[in-house]
>>> print(open('data_39.pdb').read())   # PDB, C-alpha atoms
ATOM      1  CA  MET A 133       0.000   0.000   0.000  1.00  0.00           C
ATOM      2  CA  SER A 134       1.103   3.549  -0.692  1.00  0.00           C
ATOM      3  CA  ASN A 135       0.980   4.839   2.861  1.00  0.00           C
ATOM      4  CA  LYS A 136       1.015   3.844   6.475  1.00  0.00           C
ATOM      5  CA  ILE A 137      -0.955   5.881   9.003  1.00  0.00           C
ATOM      6  CA  THR A 138      -0.273   5.694  12.722  1.00  0.00           C
ATOM      7  CA  LEU A 139      -2.161   7.476  15.470  1.00  0.00           C
ATOM      8  CA  LYS A 140       0.258   8.012  18.331  1.00  0.00           C
ATOM      9  CA  GLY A 141      -0.162  10.221  21.392  1.00  0.00           C
ATOM     10  CA  ASN A 142      -2.080  13.177  19.986  1.00  0.00           C
ATOM     11  CA  LYS A 143      -0.638  13.037  16.479  1.00  0.00           C
ATOM     12  CA  MET A 144      -1.350  11.322  13.176  1.00  0.00           C
ATOM     13  CA  ILE A 145       1.752  10.190  11.329  1.00  0.00           C
ATOM     14  CA  VAL A 146       1.475   9.556   7.592  1.00  0.00           C
ATOM     15  CA  GLU A 147       4.371   7.722   6.030  1.00  0.00           C
ATOM     16  CA  PRO A 148       4.483   7.132   2.273  1.00  0.00           C
ATOM     17  CA  SER A 149       6.052   3.850   1.134  1.00  0.00           C
ATOM     18  CA  SER A 150       9.776   3.997   0.321  1.00  0.00           C
ATOM     19  CA  LEU A 151       9.379   4.546  -3.422  1.00  0.00           C
ATOM     20  CA  ASP A 152       6.552   7.014  -2.985  1.00  0.00           C
ATOM     21  CA  LYS A 153       8.724   9.165  -0.739  1.00  0.00           C
ATOM     22  CA  ILE A 154      10.800   9.921  -3.822  1.00  0.00           C
ATOM     23  CA  PHE A 155       7.877  10.546  -6.172  1.00  0.00           C
ATOM     24  CA  SER A 156       5.937  12.681  -3.727  1.00  0.00           C
ATOM     25  CA  LEU A 157       9.035  14.417  -2.330  1.00  0.00           C
ATOM     26  CA  THR A 158       7.606  13.798   1.109  1.00  0.00           C
ATOM     27  CA  ASN A 159       9.187  11.765   3.842  1.00  0.00           C
ATOM     28  CA  LYS A 160       6.588  11.876   6.577  1.00  0.00           C
ATOM     29  CA  LEU A 161       3.649  14.060   7.614  1.00  0.00           C
ATOM     30  CA  THR A 162       2.977  14.609  11.318  1.00  0.00           C
ATOM     31  CA  ILE A 163      -0.403  16.182  12.036  1.00  0.00           C
ATOM     32  CA  PRO A 164      -1.759  17.044  15.521  1.00  0.00           C
ATOM     33  CA  PHE A 165      -5.246  15.653  16.118  1.00  0.00           C
ATOM     34  CA  GLU A 166      -6.712  19.139  16.577  1.00  0.00           C
ATOM     35  CA  HIS A 167      -5.706  19.951  12.980  1.00  0.00           C
ATOM     36  CA  ILE A 168      -7.766  17.067  11.581  1.00  0.00           C
ATOM     37  CA  ASN A 169     -11.366  17.795  10.577  1.00  0.00           C
ATOM     38  CA  GLY A 170     -12.414  14.366   9.427  1.00  0.00           C
ATOM     39  CA  ALA A 171     -11.840  11.345   7.222  1.00  0.00           C
ATOM     40  CA  THR A 172     -13.888   9.894   4.382  1.00  0.00           C
ATOM     41  CA  ILE A 173     -13.424   6.834   2.198  1.00  0.00           C
ATOM     42  CA  ASP A 174     -14.061   8.378  -1.227  1.00  0.00           C
ATOM     43  CA  LYS A 175     -13.605   5.853  -4.036  1.00  0.00           C
ATOM     44  CA  ASP A 176     -14.584   8.280  -6.797  1.00  0.00           C
ATOM     45  CA  ILE A 177     -12.139  11.067  -5.978  1.00  0.00           C
ATOM     46  CA  VAL A 178      -9.436   9.540  -8.182  1.00  0.00           C
ATOM     47  CA  HIS A 179     -11.640  10.234 -11.214  1.00  0.00           C
ATOM     48  CA  THR A 180     -11.942  13.943 -10.466  1.00  0.00           C
ATOM     49  CA  TYR A 181      -9.845  16.842 -11.689  1.00  0.00           C
ATOM     50  CA  LYS A 182      -7.092  17.338  -9.132  1.00  0.00           C
ATOM     51  CA  GLY A 183      -5.878  20.771 -10.130  1.00  0.00           C
ATOM     52  CA  LEU A 184      -2.465  22.098 -11.011  1.00  0.00           C
ATOM     53  CA  LYS A 185       0.640  20.120 -10.063  1.00  0.00           C
ATOM     54  CA  ARG A 186       2.604  21.922  -7.394  1.00  0.00           C
ATOM     55  CA  PRO A 187       4.650  19.676  -7.897  1.00  0.00           C
ATOM     56  CA  GLY A 188       2.595  16.593  -8.440  1.00  0.00           C
ATOM     57  CA  LEU A 189       2.867  13.511 -10.533  1.00  0.00           C
ATOM     58  CA  SER A 190       0.251  11.535 -12.383  1.00  0.00           C
ATOM     59  CA  VAL A 191       1.473   8.203 -13.719  1.00  0.00           C
ATOM     60  CA  SER A 192      -0.569   7.035 -16.727  1.00  0.00           C
ATOM     61  CA  GLY A 193      -3.789   7.765 -14.891  1.00  0.00           C
ATOM     62  CA  GLN A 194      -2.952   4.938 -12.473  1.00  0.00           C
ATOM     63  CA  LYS A 195      -1.199   6.732  -9.610  1.00  0.00           C
ATOM     64  CA  TRP A 196      -1.075  10.224  -8.218  1.00  0.00           C
ATOM     65  CA  CYS A 197       1.740  11.542  -6.015  1.00  0.00           C
ATOM     66  CA  GLY A 198       2.594  14.941  -4.682  1.00  0.00           C
ATOM     67  CA  VAL A 199       0.891  18.274  -4.305  1.00  0.00           C
ATOM     68  CA  PHE A 200      -2.000  19.600  -6.365  1.00  0.00           C
ATOM     69  CA  GLN A 201      -3.718  22.937  -6.133  1.00  0.00           C
ATOM     70  CA  LEU A 202      -7.357  23.570  -7.004  1.00  0.00           C
ATOM     71  CA  ASP A 203      -9.552  26.568  -6.149  1.00  0.00           C
ATOM     72  CA  GLY A 204      -7.013  27.902  -3.678  1.00  0.00           C
ATOM     73  CA  GLU A 205      -6.701  24.597  -1.833  1.00  0.00           C
ATOM     74  CA  LYS A 206      -3.573  22.484  -1.596  1.00  0.00           C
ATOM     75  CA  SER A 207      -3.962  18.747  -1.486  1.00  0.00           C
ATOM     76  CA  PHE A 208      -1.354  16.046  -0.971  1.00  0.00           C
ATOM     77  CA  TRP A 209      -1.974  12.880  -2.945  1.00  0.00           C
ATOM     78  CA  ASN A 210      -0.382   9.487  -2.666  1.00  0.00           C
ATOM     79  CA  VAL A 211      -2.782   6.900  -4.040  1.00  0.00           C
ATOM     80  CA  SER A 212      -3.039   4.339  -6.844  1.00  0.00           C
ATOM     81  CA  LYS A 213      -6.159   3.671  -8.862  1.00  0.00           C
ATOM     82  CA  SER A 214      -6.348   0.167  -7.376  1.00  0.00           C
ATOM     83  CA  GLU A 215      -6.367   1.434  -3.792  1.00  0.00           C
ATOM     84  CA  THR A 216      -9.174   2.693  -1.576  1.00  0.00           C
ATOM     85  CA  PRO A 217      -8.612   6.442  -1.155  1.00  0.00           C
ATOM     86  CA  LEU A 218      -9.006   7.914   2.291  1.00  0.00           C
ATOM     87  CA  VAL A 219      -9.590  11.676   2.218  1.00  0.00           C
ATOM     88  CA  ILE A 220      -8.466  13.466   5.366  1.00  0.00           C
ATOM     89  CA  THR A 221      -9.351  17.148   5.700  1.00  0.00           C
ATOM     90  CA  LEU A 222      -7.117  19.424   7.740  1.00  0.00           C
ATOM     91  CA  ASN A 223      -7.039  22.896   9.251  1.00  0.00           C
ATOM     92  CA  HIS A 224      -4.071  25.170   9.985  1.00  0.00           C
ATOM     93  CA  GLU A 225      -1.784  22.896   8.034  1.00  0.00           C
ATOM     94  CA  LYS A 226       0.299  23.191   4.875  1.00  0.00           C
ATOM     95  CA  TYR A 227      -2.257  20.992   3.080  1.00  0.00           C
ATOM     96  CA  ASP A 228      -6.030  21.348   3.194  1.00  0.00           C
ATOM     97  CA  LEU A 229      -6.649  17.785   2.106  1.00  0.00           C
ATOM     98  CA  LEU A 230      -4.765  14.484   2.064  1.00  0.00           C
ATOM     99  CA  VAL A 231      -5.790  11.771  -0.393  1.00  0.00           C
ATOM    100  CA  LEU A 232      -4.063   8.561   0.647  1.00  0.00           C
ATOM    101  CA  GLY A 233      -4.144   4.920  -0.360  1.00  0.00           C
ATOM    102  CA  ILE A 234      -3.938   2.790   2.771  1.00  0.00           C
ATOM    103  CA  GLU A 235      -4.549  -0.840   3.598  1.00  0.00           C
ATOM    104  CA  ASN A 236      -6.820  -0.416   6.611  1.00  0.00           C
ATOM    105  CA  ALA A 237      -8.852   2.536   5.328  1.00  0.00           C
ATOM    106  CA  ASN A 238     -12.073   1.542   7.147  1.00  0.00           C
ATOM    107  CA  GLU A 239     -10.329   1.242  10.478  1.00  0.00           C
ATOM    108  CA  ILE A 240      -8.410   4.514  10.131  1.00  0.00           C
ATOM    109  CA  GLU A 241     -11.534   6.357   8.931  1.00  0.00           C
ATOM    110  CA  LYS A 242     -13.365   5.181  12.055  1.00  0.00           C
ATOM    111  CA  LEU A 243     -10.480   6.067  14.390  1.00  0.00           C
ATOM    112  CA  ILE A 244     -10.051   9.561  12.956  1.00  0.00           C
ATOM    113  CA  ASN A 245     -13.766  10.332  13.082  1.00  0.00           C
ATOM    114  CA  ASN A 246     -13.842   9.277  16.718  1.00  0.00           C
ATOM    115  CA  LEU A 247     -10.893  11.368  17.858  1.00  0.00           C
ATOM    116  CA  TYR A 248     -13.273  13.763  19.583  1.00  0.00           C
TER     117      TYR A 248
ATOM    118  CA  MET B 189     -19.555  21.843  11.466  1.00  0.00           C
ATOM    119  CA  TYR B 190     -16.143  22.865  10.234  1.00  0.00           C
ATOM    120  CA  ASP B 191     -15.799  26.515   9.269  1.00  0.00           C
ATOM    121  CA  SER B 192     -13.609  27.077   6.277  1.00  0.00           C
ATOM    122  CA  ASP B 193     -10.843  29.593   6.767  1.00  0.00           C
ATOM    123  CA  MET B 194      -9.385  29.147   3.352  1.00  0.00           C
ATOM    124  CA  GLY B 195     -10.720  32.337   1.779  1.00  0.00           C
ATOM    125  CA  ARG B 196     -13.395  30.445  -0.128  1.00  0.00           C
ATOM    126  CA  ARG B 197     -16.286  32.775  -0.905  1.00  0.00           C
ATOM    127  CA  LYS B 198     -19.571  31.127   0.003  1.00  0.00           C
ATOM    128  CA  THR B 199     -22.248  31.378  -2.631  1.00  0.00           C
ATOM    129  CA  TYR B 200     -24.608  28.853  -1.120  1.00  0.00           C
ATOM    130  CA  ASP B 201     -27.021  28.551   1.769  1.00  0.00           C
ATOM    131  CA  VAL B 202     -25.773  25.877   4.182  1.00  0.00           C
ATOM    132  CA  LYS B 203     -29.288  25.054   5.401  1.00  0.00           C
ATOM    133  CA  ASN B 204     -30.385  24.400   1.836  1.00  0.00           C
ATOM    134  CA  ILE B 205     -27.340  22.165   1.273  1.00  0.00           C
ATOM    135  CA  ILE B 206     -28.132  20.183   4.422  1.00  0.00           C
ATOM    136  CA  GLN B 207     -31.710  19.649   3.201  1.00  0.00           C
ATOM    137  CA  LYS B 208     -30.431  18.305  -0.095  1.00  0.00           C
ATOM    138  CA  MET B 209     -27.954  16.007   1.639  1.00  0.00           C
ATOM    139  CA  LYS B 210     -30.764  14.752   3.871  1.00  0.00           C
ATOM    140  CA  GLN B 211     -32.713  13.609   0.821  1.00  0.00           C
ATOM    141  CA  VAL B 212     -29.702  11.637  -0.428  1.00  0.00           C
ATOM    142  CA  PHE B 213     -29.168   9.912   2.921  1.00  0.00           C
ATOM    143  CA  LEU B 214     -32.880   9.117   3.147  1.00  0.00           C
ATOM    144  CA  VAL B 215     -32.803   7.325  -0.206  1.00  0.00           C
ATOM    145  CA  ASN B 216     -29.429   5.573   0.038  1.00  0.00           C
ATOM    146  CA  GLY B 217     -28.698   5.289   3.730  1.00  0.00           C
ATOM    147  CA  TYR B 218     -25.304   6.390   5.069  1.00  0.00           C
ATOM    148  CA  LYS B 219     -22.733   3.863   3.803  1.00  0.00           C
ATOM    149  CA  ALA B 220     -24.195   3.588   0.307  1.00  0.00           C
ATOM    150  CA  THR B 221     -24.179   7.362  -0.163  1.00  0.00           C
ATOM    151  CA  SER B 222     -21.090   8.380  -2.098  1.00  0.00           C
ATOM    152  CA  LEU B 223     -19.464  11.778  -2.320  1.00  0.00           C
ATOM    153  CA  ASP B 224     -20.482  11.771  -5.986  1.00  0.00           C
ATOM    154  CA  ASP B 225     -24.125  11.409  -4.856  1.00  0.00           C
ATOM    155  CA  LEU B 226     -23.765  14.374  -2.504  1.00  0.00           C
ATOM    156  CA  VAL B 227     -21.952  16.489  -5.105  1.00  0.00           C
ATOM    157  CA  LYS B 228     -24.705  15.776  -7.645  1.00  0.00           C
ATOM    158  CA  ALA B 229     -27.546  16.511  -5.213  1.00  0.00           C
ATOM    159  CA  THR B 230     -26.112  19.686  -3.735  1.00  0.00           C
ATOM    160  CA  GLY B 231     -24.535  21.143  -6.870  1.00  0.00           C
ATOM    161  CA  LEU B 232     -21.428  21.987  -4.850  1.00  0.00           C
ATOM    162  CA  LEU B 233     -17.894  21.086  -5.843  1.00  0.00           C
ATOM    163  CA  ARG B 234     -16.384  18.186  -3.945  1.00  0.00           C
ATOM    164  CA  GLY B 235     -13.771  20.537  -2.474  1.00  0.00           C
ATOM    165  CA  SER B 236     -16.494  22.894  -1.238  1.00  0.00           C
ATOM    166  CA  LEU B 237     -18.335  20.062   0.511  1.00  0.00           C
ATOM    167  CA  TYR B 238     -15.136  18.915   2.190  1.00  0.00           C
ATOM    168  CA  ALA B 239     -14.206  22.488   3.135  1.00  0.00           C
ATOM    169  CA  GLU B 240     -17.617  23.158   4.671  1.00  0.00           C
ATOM    170  CA  PHE B 241     -18.189  19.880   6.499  1.00  0.00           C
ATOM    171  CA  GLY B 242     -14.830  18.078   6.744  1.00  0.00           C
ATOM    172  CA  SER B 243     -16.103  14.575   6.048  1.00  0.00           C
ATOM    173  CA  LYS B 244     -19.133  12.541   4.932  1.00  0.00           C
ATOM    174  CA  ARG B 245     -19.675  11.614   8.559  1.00  0.00           C
ATOM    175  CA  SER B 246     -19.848  15.304   9.520  1.00  0.00           C
ATOM    176  CA  MET B 247     -22.307  15.859   6.682  1.00  0.00           C
ATOM    177  CA  PHE B 248     -24.570  13.202   8.175  1.00  0.00           C
ATOM    178  CA  VAL B 249     -24.155  14.644  11.676  1.00  0.00           C
ATOM    179  CA  SER B 250     -25.158  18.086  10.334  1.00  0.00           C
ATOM    180  CA  VAL B 251     -28.288  16.536   8.825  1.00  0.00           C
ATOM    181  CA  LEU B 252     -29.026  14.727  12.105  1.00  0.00           C
ATOM    182  CA  ASP B 253     -28.531  17.891  14.170  1.00  0.00           C
ATOM    183  CA  THR B 254     -30.826  19.905  11.908  1.00  0.00           C
ATOM    184  CA  CYS B 255     -33.522  17.251  12.049  1.00  0.00           C
ATOM    185  CA  LEU B 256     -33.341  17.000  15.826  1.00  0.00           C
ATOM    186  CA  LYS B 257     -33.470  20.764  16.351  1.00  0.00           C
ATOM    187  CA  GLN B 258     -36.194  21.594  13.892  1.00  0.00           C
ATOM    188  CA  HIS B 259     -38.329  18.626  13.009  1.00  0.00           C
ATOM    189  CA  LEU B 260     -38.305  16.148  15.875  1.00  0.00           C
ATOM    190  CA  HIS B 261     -41.715  14.720  15.045  1.00  0.00           C
ATOM    191  CA  ASP B 262     -41.233  14.468  11.274  1.00  0.00           C
ATOM    192  CA  LYS B 263     -41.164  11.112   9.526  1.00  0.00           C
ATOM    193  CA  ASP B 264     -37.918  12.123   7.794  1.00  0.00           C
ATOM    194  CA  THR B 265     -36.279  12.838  11.150  1.00  0.00           C
ATOM    195  CA  TRP B 266     -37.089   9.370  12.416  1.00  0.00           C
ATOM    196  CA  GLU B 267     -35.763   7.817   9.231  1.00  0.00           C
ATOM    197  CA  ILE B 268     -32.500   9.730   9.698  1.00  0.00           C
ATOM    198  CA  ILE B 269     -32.425   8.569  13.332  1.00  0.00           C
ATOM    199  CA  LEU B 270     -32.962   4.986  12.141  1.00  0.00           C
ATOM    200  CA  ILE B 271     -30.128   5.296   9.606  1.00  0.00           C
ATOM    201  CA  GLY B 272     -27.870   6.680  12.335  1.00  0.00           C
ATOM    202  CA  MET B 273     -28.756   3.779  14.631  1.00  0.00           C
ATOM    203  CA  MET B 274     -28.321   1.065  11.988  1.00  0.00           C
ATOM    204  CA  GLU B 275     -25.189   2.325  10.293  1.00  0.00           C
ATOM    205  CA  LEU B 276     -23.165   4.637  12.513  1.00  0.00           C
ATOM    206  CA  SER B 277     -24.071   4.481  16.165  1.00  0.00           C
ATOM    207  CA  ALA B 278     -22.199   1.262  16.981  1.00  0.00           C
ATOM    208  CA  GLN B 279     -18.848   2.680  15.848  1.00  0.00           C
ATOM    209  CA  ASP B 280     -19.338   6.418  16.261  1.00  0.00           C
ATOM    210  CA  GLN B 281     -19.364   7.837  19.791  1.00  0.00           C
ATOM    211  CA  LEU B 282     -20.686  11.274  18.796  1.00  0.00           C
ATOM    212  CA  VAL B 283     -23.661   9.867  16.880  1.00  0.00           C
ATOM    213  CA  ARG B 284     -24.351   7.422  19.706  1.00  0.00           C
ATOM    214  CA  ASP B 285     -24.368  10.229  22.294  1.00  0.00           C
ATOM    215  CA  LYS B 286     -26.734  12.348  20.203  1.00  0.00           C
ATOM    216  CA  LEU B 287     -29.136   9.451  19.756  1.00  0.00           C
ATOM    217  CA  LYS B 288     -29.002   8.508  23.442  1.00  0.00           C
ATOM    218  CA  ALA B 289     -29.944  12.082  24.359  1.00  0.00           C
ATOM    219  CA  ILE B 290     -33.138  11.862  22.280  1.00  0.00           C
ATOM    220  CA  PHE B 291     -34.260   8.640  23.877  1.00  0.00           C
ATOM    221  CA  VAL B 292     -33.822   9.746  27.487  1.00  0.00           C
ATOM    222  CA  ASP B 293     -37.533  10.489  27.906  1.00  0.00           C
ATOM    223  CA  VAL B 294     -38.810   7.710  25.660  1.00  0.00           C
ATOM    224  CA  ASN B 295     -39.573   4.311  27.150  1.00  0.00           C
ATOM    225  CA  ASP B 296     -38.404   1.145  25.406  1.00  0.00           C
ATOM    226  CA  ALA B 297     -41.869   0.006  24.350  1.00  0.00           C
ATOM    227  CA  GLU B 298     -42.656   3.364  22.773  1.00  0.00           C
ATOM    228  CA  LEU B 299     -39.311   3.441  20.991  1.00  0.00           C
ATOM    229  CA  SER B 300     -39.624  -0.124  19.707  1.00  0.00           C
ATOM    230  CA  ASP B 301     -43.096   0.615  18.408  1.00  0.00           C
ATOM    231  CA  LYS B 302     -42.040   3.782  16.614  1.00  0.00           C
ATOM    232  CA  LEU B 303     -38.908   2.293  15.093  1.00  0.00           C
ATOM    233  CA  GLY B 304     -40.663  -0.955  14.170  1.00  0.00           C
ATOM    234  CA  LYS B 305     -43.315   0.962  12.255  1.00  0.00           C
ATOM    235  CA  MET B 306     -40.602   3.038  10.597  1.00  0.00           C
ATOM    236  CA  ILE B 307     -38.742  -0.085   9.420  1.00  0.00           C
ATOM    237  CA  ILE B 308     -41.901  -1.631   7.955  1.00  0.00           C
ATOM    238  CA  GLN B 309     -42.763   1.606   6.191  1.00  0.00           C
ATOM    239  CA  ARG B 310     -39.250   2.048   4.824  1.00  0.00           C
ATOM    240  CA  SER B 311     -39.165  -1.534   3.571  1.00  0.00           C
ATOM    241  CA  LYS B 312     -42.421  -0.992   1.638  1.00  0.00           C
ATOM    242  CA  ILE B 313     -43.533  -4.538   2.411  1.00  0.00           C
ATOM    243  CA  ASN B 314     -46.930  -3.295   3.526  1.00  0.00           C
ATOM    244  CA  GLY B 315     -48.001  -2.263   0.057  1.00  0.00           C
ATOM    245  CA  ASP B 316     -46.555   1.261  -0.004  1.00  0.00           C
ATOM    246  CA  ASP B 317     -44.878   0.436  -3.312  1.00  0.00           C
ATOM    247  CA  LYS B 318     -48.214   0.028  -5.175  1.00  0.00           C
ATOM    248  CA  HIS B 319     -48.019   3.529  -6.634  1.00  0.00           C
ATOM    249  CA  GLU B 320     -44.476   3.190  -8.006  1.00  0.00           C
TER     250      GLU B 320
END
>>> encode(input="data_39.pdb", output="structure tokens")
Amino acid sequence: MSNKITLKGNKMIVEPSSLDKIFSLTNKLTIPFEHINGATIDKDIVHTYKGLKRPGLSVSGQKWCGVFQLDGEKSFWNVSKSETPLVITLNHEKYDLLVLGIENANEIEKLINNLY
Amino acid sequence: MYDSDMGRRKTYDVKNIIQKMKQVFLVNGYKATSLDDLVKATGLLRGSLYAEFGSKRSMFVSVLDTCLKQHLHDKDTWEIILIGMMELSAQDQLVRDKLKAIFVDVNDAELSDKLGKMIIQRSKINGDDKHE
């Protein structure tokens, strides 16, 4: 899977897989719980227009890595077409939205939405 | 409800959006409702929905809150309550707490009767589908 998400203490740690760290130019994201608005499994988001690459990478319409900007919002993507995308919305962070392919999307969605 | 601080200019009425989302949840339930369904029904961009509400779960909670504040005795409200009970309450503490608060003054027999009737009506097994 493209990413691993850990909830530890009062922080969410997002770690792209080794290869994806290179493509997305991102090693790890550490987000305090109070900066997380919610999580949604959104299977159709990969078919939507993502915006301008800032920098972002789209590989043959099968994988999306990096930063995209649309309507003034910055989103970080690291997801393949074959994965279940988990959309995590943020506040007071560099990114407004994370779109991540993870193995245990249902479990993480539930944990994030029950943070408080 | 999450307030956007991203400089996005609102050109919609949130109450109207919540009403439209309610209709989608009433037809599909919670889990079967996709973001595409909500985008189509509300006419908002996906990014705008996420910016305003934060998540699909928060969208449902907004619908639930509106129903409970304004239309407690409506049929639609009880259907939303039923959807919350069947699909979210077991794994969502916030939804569970909201539902528990409604049932404080309702005895079990009354609640069972109301919800039982709601389930039969929603299933259309009592002939309510004759006009379709």
>>> residues_around(input="data_39.pdb", residues="Met133 (chain A)", least_positions_apart="2", cutoff="12 Å", atoms="only C-alpha atoms", output="ChimeraX atom specification")
/A:135-137,147-152,195,210-217,232-237
>>> closest_atom_pairs(input="data_39.pdb", of="chain B", to="chain A", cutoff="6 Å", atoms="only C-alpha atoms", output="Markdown table")
| residue | atom | partner | partner_atom | distance |
| --- | --- | --- | --- | --- |
| B:Gly242 | CA | A:Asn169 | CA | 5.2 |
| B:Ser243 | CA | A:Gly170 | CA | 5.0 |
| B:Lys244 | CA | A:Thr172 | CA | 5.9 |
>>> resolve_selection(input="data_39.pdb", expression="the PyMOL selection byres ((chain B and resi 252) around 10)", output="MDAnalysis selection string")
chainID B and resid 206 210 246:251 253:257 265:266 268:269 271:272 283 286:287
>>> write_last_selection(input="data_39.pdb", atoms="C-alpha atoms", output="tab-separated table (two decimals), in the coordinates of the input")
chain	number	residue	atom	x	y	z
B	206	ILE	CA	-28.13	20.18	4.42
B	210	LYS	CA	-30.76	14.75	3.87
B	246	SER	CA	-19.85	15.30	9.52
B	247	MET	CA	-22.31	15.86	6.68
B	248	PHE	CA	-24.57	13.20	8.18
B	249	VAL	CA	-24.16	14.64	11.68
B	250	SER	CA	-25.16	18.09	10.33
B	251	VAL	CA	-28.29	16.54	8.82
B	253	ASP	CA	-28.53	17.89	14.17
B	254	THR	CA	-30.83	19.90	11.91
B	255	CYS	CA	-33.52	17.25	12.05
B	256	LEU	CA	-33.34	17.00	15.83
B	257	LYS	CA	-33.47	20.76	16.35
B	265	THR	CA	-36.28	12.84	11.15
B	266	TRP	CA	-37.09	9.37	12.42
B	268	ILE	CA	-32.50	9.73	9.70
B	269	ILE	CA	-32.42	8.57	13.33
B	271	ILE	CA	-30.13	5.30	9.61
B	272	GLY	CA	-27.87	6.68	12.34
B	283	VAL	CA	-23.66	9.87	16.88
B	286	LYS	CA	-26.73	12.35	20.20
B	287	LEU	CA	-29.14	9.45	19.76
>>> resolve_selection(input="data_39.pdb", expression="the PyMOL selection byres ((chain A and resi 142) around 12)", output="ChimeraX atom specification")
/A:138-141,143-145,162-168,244,247-248
>>> atom_distance(input="data_39.pdb", atom1="CA of Arg245 (chain B)", atom2="CA of Met274 (chain B)")
14.1 Å
>>> closest_residue(input="data_39.pdb", among="A:Glu239, A:Ser134, A:Val231, A:Glu225", to="Phe200 (chain A)", atoms="all atoms listed in the file")
A:Val231
>>> atom_distance(input="data_39.pdb", atom1="CA of Gly217 (chain B)", atom2="CA of Leu233 (chain B)")
21.4 Å
>>> resolve_selection(input="data_39.pdb", expression="the PyMOL selection byres ((chain B and resi 302) around 12)", output="list in words")
His261, Asp262, Lys263, Trp266, Glu267, Ile269, Leu270, Phe291, Val294, Asn295, Asp296, Ala297, Glu298, Leu299, Ser300, Asp301, Leu303, Gly304, Lys305, Met306, Ile307, Ile308 and Gln309 of chain B
>>> write_last_selection(input="data_39.pdb", atoms="C-alpha atoms", output="CSV table (one decimal), in the coordinates of the input")
chain,number,residue,atom,x,y,z
B,261,HIS,CA,-41.7,14.7,15.0
B,262,ASP,CA,-41.2,14.5,11.3
B,263,LYS,CA,-41.2,11.1,9.5
B,266,TRP,CA,-37.1,9.4,12.4
B,267,GLU,CA,-35.8,7.8,9.2
B,269,ILE,CA,-32.4,8.6,13.3
B,270,LEU,CA,-33.0,5.0,12.1
B,291,PHE,CA,-34.3,8.6,23.9
B,294,VAL,CA,-38.8,7.7,25.7
B,295,ASN,CA,-39.6,4.3,27.2
B,296,ASP,CA,-38.4,1.1,25.4
B,297,ALA,CA,-41.9,0.0,24.4
B,298,GLU,CA,-42.7,3.4,22.8
B,299,LEU,CA,-39.3,3.4,21.0
B,300,SER,CA,-39.6,-0.1,19.7
B,301,ASP,CA,-43.1,0.6,18.4
B,303,LEU,CA,-38.9,2.3,15.1
B,304,GLY,CA,-40.7,-1.0,14.2
B,305,LYS,CA,-43.3,1.0,12.3
B,306,MET,CA,-40.6,3.0,10.6
B,307,ILE,CA,-38.7,-0.1,9.4
B,308,ILE,CA,-41.9,-1.6,8.0
B,309,GLN,CA,-42.8,1.6,6.2
>>> atom_distance(input="data_39.pdb", atom1="CA of Asn216 (chain B)", atom2="CA of Leu218 (chain A)")
20.7 Å
>>> closest_residue(input="data_39.pdb", among="B:Ser222, B:Asp264, B:Arg310, B:Asn204", to="Arg234 (chain B)", atoms="only C-alpha atoms")
B:Ser222
>>> closest_residue(input="data_39.pdb", among="A:Asn159, A:Gly198, A:His179, A:Leu184", to="Asp224 (chain B)", atoms="only C-alpha atoms")
A:His179
>>> closest_residue(input="data_39.pdb", among="B:Met273, B:Leu237, B:Val202, B:Ala289", to="Tyr218 (chain B)", atoms="only C-alpha atoms")
B:Met273
>>> build_atoms(input="data_39.pdb", residues="region 271-280 of chain B", atoms="N, CA and C atoms", output="PDB file, in the coordinates of the input")
ATOM      1  N   ILE B 271     -31.366   5.485  10.376  1.00  0.00           N
ATOM      2  CA  ILE B 271     -30.128   5.296   9.606  1.00  0.00           C
ATOM      3  C   ILE B 271     -28.915   5.461  10.516  1.00  0.00           C
ATOM      4  N   GLY B 272     -28.959   6.466  11.379  1.00  0.00           N
ATOM      5  CA  GLY B 272     -27.870   6.680  12.335  1.00  0.00           C
ATOM      6  C   GLY B 272     -27.692   5.473  13.249  1.00  0.00           C
ATOM      7  N   MET B 273     -28.804   4.929  13.718  1.00  0.00           N
ATOM      8  CA  MET B 273     -28.756   3.779  14.631  1.00  0.00           C
ATOM      9  C   MET B 273     -28.213   2.536  13.934  1.00  0.00           C
ATOM     10  N   MET B 274     -28.685   2.302  12.701  1.00  0.00           N
ATOM     11  CA  MET B 274     -28.321   1.065  11.988  1.00  0.00           C
ATOM     12  C   MET B 274     -26.896   1.098  11.469  1.00  0.00           C
ATOM     13  N   GLU B 275     -26.436   2.293  11.054  1.00  0.00           N
ATOM     14  CA  GLU B 275     -25.189   2.325  10.293  1.00  0.00           C
ATOM     15  C   GLU B 275     -24.011   3.037  10.952  1.00  0.00           C
ATOM     16  N   LEU B 276     -24.262   3.850  11.941  1.00  0.00           N
ATOM     17  CA  LEU B 276     -23.165   4.637  12.513  1.00  0.00           C
ATOM     18  C   LEU B 276     -22.990   4.459  14.015  1.00  0.00           C
ATOM     19  N   SER B 277     -24.093   4.401  14.708  1.00  0.00           N
ATOM     20  CA  SER B 277     -24.071   4.481  16.165  1.00  0.00           C
ATOM     21  C   SER B 277     -23.095   3.505  16.827  1.00  0.00           C
ATOM     22  N   ALA B 278     -23.031   2.285  16.335  1.00  0.00           N
ATOM     23  CA  ALA B 278     -22.199   1.262  16.981  1.00  0.00           C
ATOM     24  C   ALA B 278     -20.718   1.631  16.951  1.00  0.00           C
ATOM     25  N   GLN B 279     -20.290   2.368  15.911  1.00  0.00           N
ATOM     26  CA  GLN B 279     -18.848   2.680  15.848  1.00  0.00           C
ATOM     27  C   GLN B 279     -18.545   4.169  15.950  1.00  0.00           C
ATOM     28  N   ASP B 280     -19.556   4.975  16.232  1.00  0.00           N
ATOM     29  CA  ASP B 280     -19.338   6.418  16.261  1.00  0.00           C
ATOM     30  C   ASP B 280     -19.890   6.999  17.566  1.00  0.00           C
TER      31      ASP B 280
END
